[in-house]
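Written out below as structure tokens is the structure these notes cover.
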Number of protein chains: 2
Amino acid sequence: MELNTSTHIDGKVAGRPMEVPPRTVIIDEGDPARAVYRIQSGHVMLSKLLPDGRRQIFELLGPGSIFGVTPHERHDSVAESLTDTRISIFERSILERMPSFDNYIVHRLEIQICALHDHAVLLGRKTATERVSTYILNLAHSTHENENGPPPQALVIVPMTRSEIADYLGLTLETVSRAFSRLKRLGVISYERHDGPMRVALDRLGPLTGTYWT
Amino acid sequence: MELNTSTHIDGKVAGRPMEVPPRTVIIDEGDPARAVYRIQSGHVMLSKLLPDGRRQIFELLGPGSIFGVTPHERHDSVAESLTDTRISIFERSILERMPSFDNYIVHRLEIQICALHDHAVLLGRKTATERVSTYILNLAHSTHENENGPPPQALVIVPMTRSEIADYLGLTLETVSRAFSRLKRLGVISYERHDGPMRVALDRLGPLTGTYWT
DNA sequence: CGAAGAATTGAGGTTAATCAACGAGGGTGG
DNA sequence: CCACCCTCGTTGATTAACCTCAATTCTTCG
């Protein structure tokens with residue numbers, strides 16, 4: 001936890017920086033909601049636990065995203081780092097006196113809500129294969145952040161375990177594994193080691209996601 | 001922050017009022033995102049359509065809620081009135097010059113996101129009975145907006161068809177109907193006519209939702 | 001009354017969950 | 001270094017939940 005690496009939003013100084021190793025709980029359910037967090041680098045996932053152990057991961061957040069924003073006194077979900085992550089922390093009390101941030105926050109919340117809408121469609125109406133295809137395509141999309149149209153091929157690294165992916169997609173880890181195997185057998189994806197790079201045929205994956213992308 | 005029957009936010013005048021009859025499309029997918037809407041009274045649902053006709057409803061909004069907020073140029077979902085609804089319309093261009101609204105908007109978006117998180121848990125991890133129980137309980141909760149603790153009983157009117165509920169809960173209309181019948185047989189709910197009032201035993205419904213409520 | 005839309009119920013099929021076995025790394029300690 | 005263990009992933013067999021298809025009833029409205 002180093003101080004004094006200046007962190008900026010919109011060119012303005014702000015935020016106490018923090019470094020987080022992978023698989024670290026940043027916010028736990030029930031924690032008092034004293035601050036808002038912004039991701040500088042790395043990835044964070046948000047989830048909830050049902051009393052009987054069922055878990056649902058509902059957001060995967062990357063650089064620029066904010067989390068810990070809530071209308072309540074306490075956090076109602078868990079925020080956990082996926083990778084090595086750098087975040088900046090903004091005390092709520094300070095934020096309230098900086099309305100200039102509201103623009104940024106509104107913008108990020110808008111993006112977040114759109115993603116949640118798409119995720120609801122996935123959870124409510126897509127088959128297992130469609131869910132996994134969508135997941136892989138989004139993964140490739142987010143890592144390759146490409147300007148001039150997407151290439152037909154991409155190399156991606158899957159940063160989550162099968163079990164985490166399952167909790168994200170509302171499936172079991174076995175079903176996720178079978179979907180990966182199916183896509184591999186179809187030649188749409190290929191990999192030797194599950195933690196190594198995965199080659200993805202983006203153009204063949206698109207039609208399997210159950211979504212139109214223009 | 002909760003006010004009012006007239007078309008004001010935070011005491012400031014704003015918004016062109018509009019009356020909308022039930023089952024009316026207010027925003028269609030692809031419409032240019034020129035304005036933001038606030039519900040004065042009534043209820044609105046937001047949904048998306050997959051190319052093959054599958055539909056997912058992901059938000060049910062009541063008085064005070066805003067919709068039409070998006071980071072994009074065009075709307076990517078459908079907003080449709082459920083009941084007779086009065087809304088106020090705020091041109092985006094005007095909003096941008098009224099940062100005093102940002103507080104309100106952030107607050108509403110926070111609430112919206114929490115609801116979407118819960119809904120993701122429902123869609124990803126709950127059984128049919130749990131989904132329908134949760135739906136009914138939320139319905140009762142929202143219509144009875146009770147201060148001094150919830151009563152054990154409540155009368156509610158279900159404002160959606162079985163098909164709409166199904167699209168909201170990620171089920172088929174038959175499964176929804178069966179879940180209603182099951183709850184009726186258990187004596188947790190009772191009704192004579194499906195469009196009439198429904199008696200709900202809130203205390204017996206809670207344990208069926210798969211969630212802890214404190 | 002008749003027609004159309006909504007809800008209910010039943011029978012049978014399909015998808016994904018569950019239960020279970022096995023294999024491939026990656027640490028740890030002898 | 002190797003044996004052991006532990007986690008993660010894959011695959012197979014079976015089960016259960018939900019979907020699909022279909023028939024019937026209820027409700028409203030012209």
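Each chain in the structure tokens gets a letter, A, B, ..., in the order shown, and its residues are numbered from 1; ligands are numbered from 1 in order too.
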Quick one: contact table of chain B to chain C, 10 Å max, nearest atom pair and distance in Å to one decimal per residue, counting only C-alpha atoms (C1' of nucleotides), chain and number order, as CSV?
residue,atom,partner,partner_atom,distance
B:Thr161,CA,C:DA6,C1',7.6
B:Arg162,CA,C:DA7,C1',7.8
B:Ser163,CA,C:DA6,C1',9.1
B:Leu173,CA,C:DA7,C1',9.1
B:Glu174,CA,C:DT8,C1',8.3
B:Ser177,CA,C:DT8,C1',7.0
B:Arg178,CA,C:DT8,C1',7.9
B:Ser181,CA,C:DT8,C1',8.5
B:Arg193,CA,C:DA7,C1',10.0
B:His194,CA,C:DA7,C1',7.8
B:Asp195,CA,C:DA6,C1',9.9
Next on the checklist: What parts of segment 76-141 of chain B does DSSP call alpha helix (DSSP H)? I'd like the answer as a PyMOL selection string.
Outcome noted: chain B and resi 92-95+100-125+128-141
Item to check | DSSP strand (DSSP E or B) selection over segment 64-189 of chain A, as a list in words | outcome: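 These are the residues in question: Ile66, Phe67, Arg74, Val78, Ala79, Glu80, Ser81, Thr85, Arg86, Ile87, Ser88, Ile89, Phe90, Glu91, Gln153, Ala154, Leu155, Val156, Ile157 and Ile189 of chain A.
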Next on the checklist: Select, as a ChimeraX atom specification, those residues of chain B with any atom no more than 7 Å from chain A (distances computed using only C-alpha atoms).
Outcome noted: /B:50-51,54,56,58,69-71,102,106-107,109-111,113,116-117,120-121,123-125,169-170,211
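Any residue of chain D with an atom no more than 9 Å from chain B counts as a contact; using only C-alpha atoms (C1' of nucleotides), that gives DA17, DC18, DC19, DC26 and DT27 of chain D.
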Checklist entry - atom CA of Pro207 of chain B and atom CA of Val158 of chain B, how far apart in Å? => result 20.6 Å
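In this structure, atom CA of Arg182 of chain A sits 14.3 Å away from atom CA of Thr134 of chain A.
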Checklist entry - So how far away is atom CA of Pro63 of chain A from atom CA of Thr143 of chain A, in Å? => result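 Spanning atom CA of Thr143 of chain A to atom CA of Pro63 of chain A is a straight-line distance of 11.1 Å.
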Item to check | Spatial neighbours of Val20 of chain B, max dist 12 Å, only C-alpha atoms (C1' of nucleotides), sep filter under 3 positions, as a PyMOL selection string | outcome: chain B and resi 17+23-27+39-44+79-88
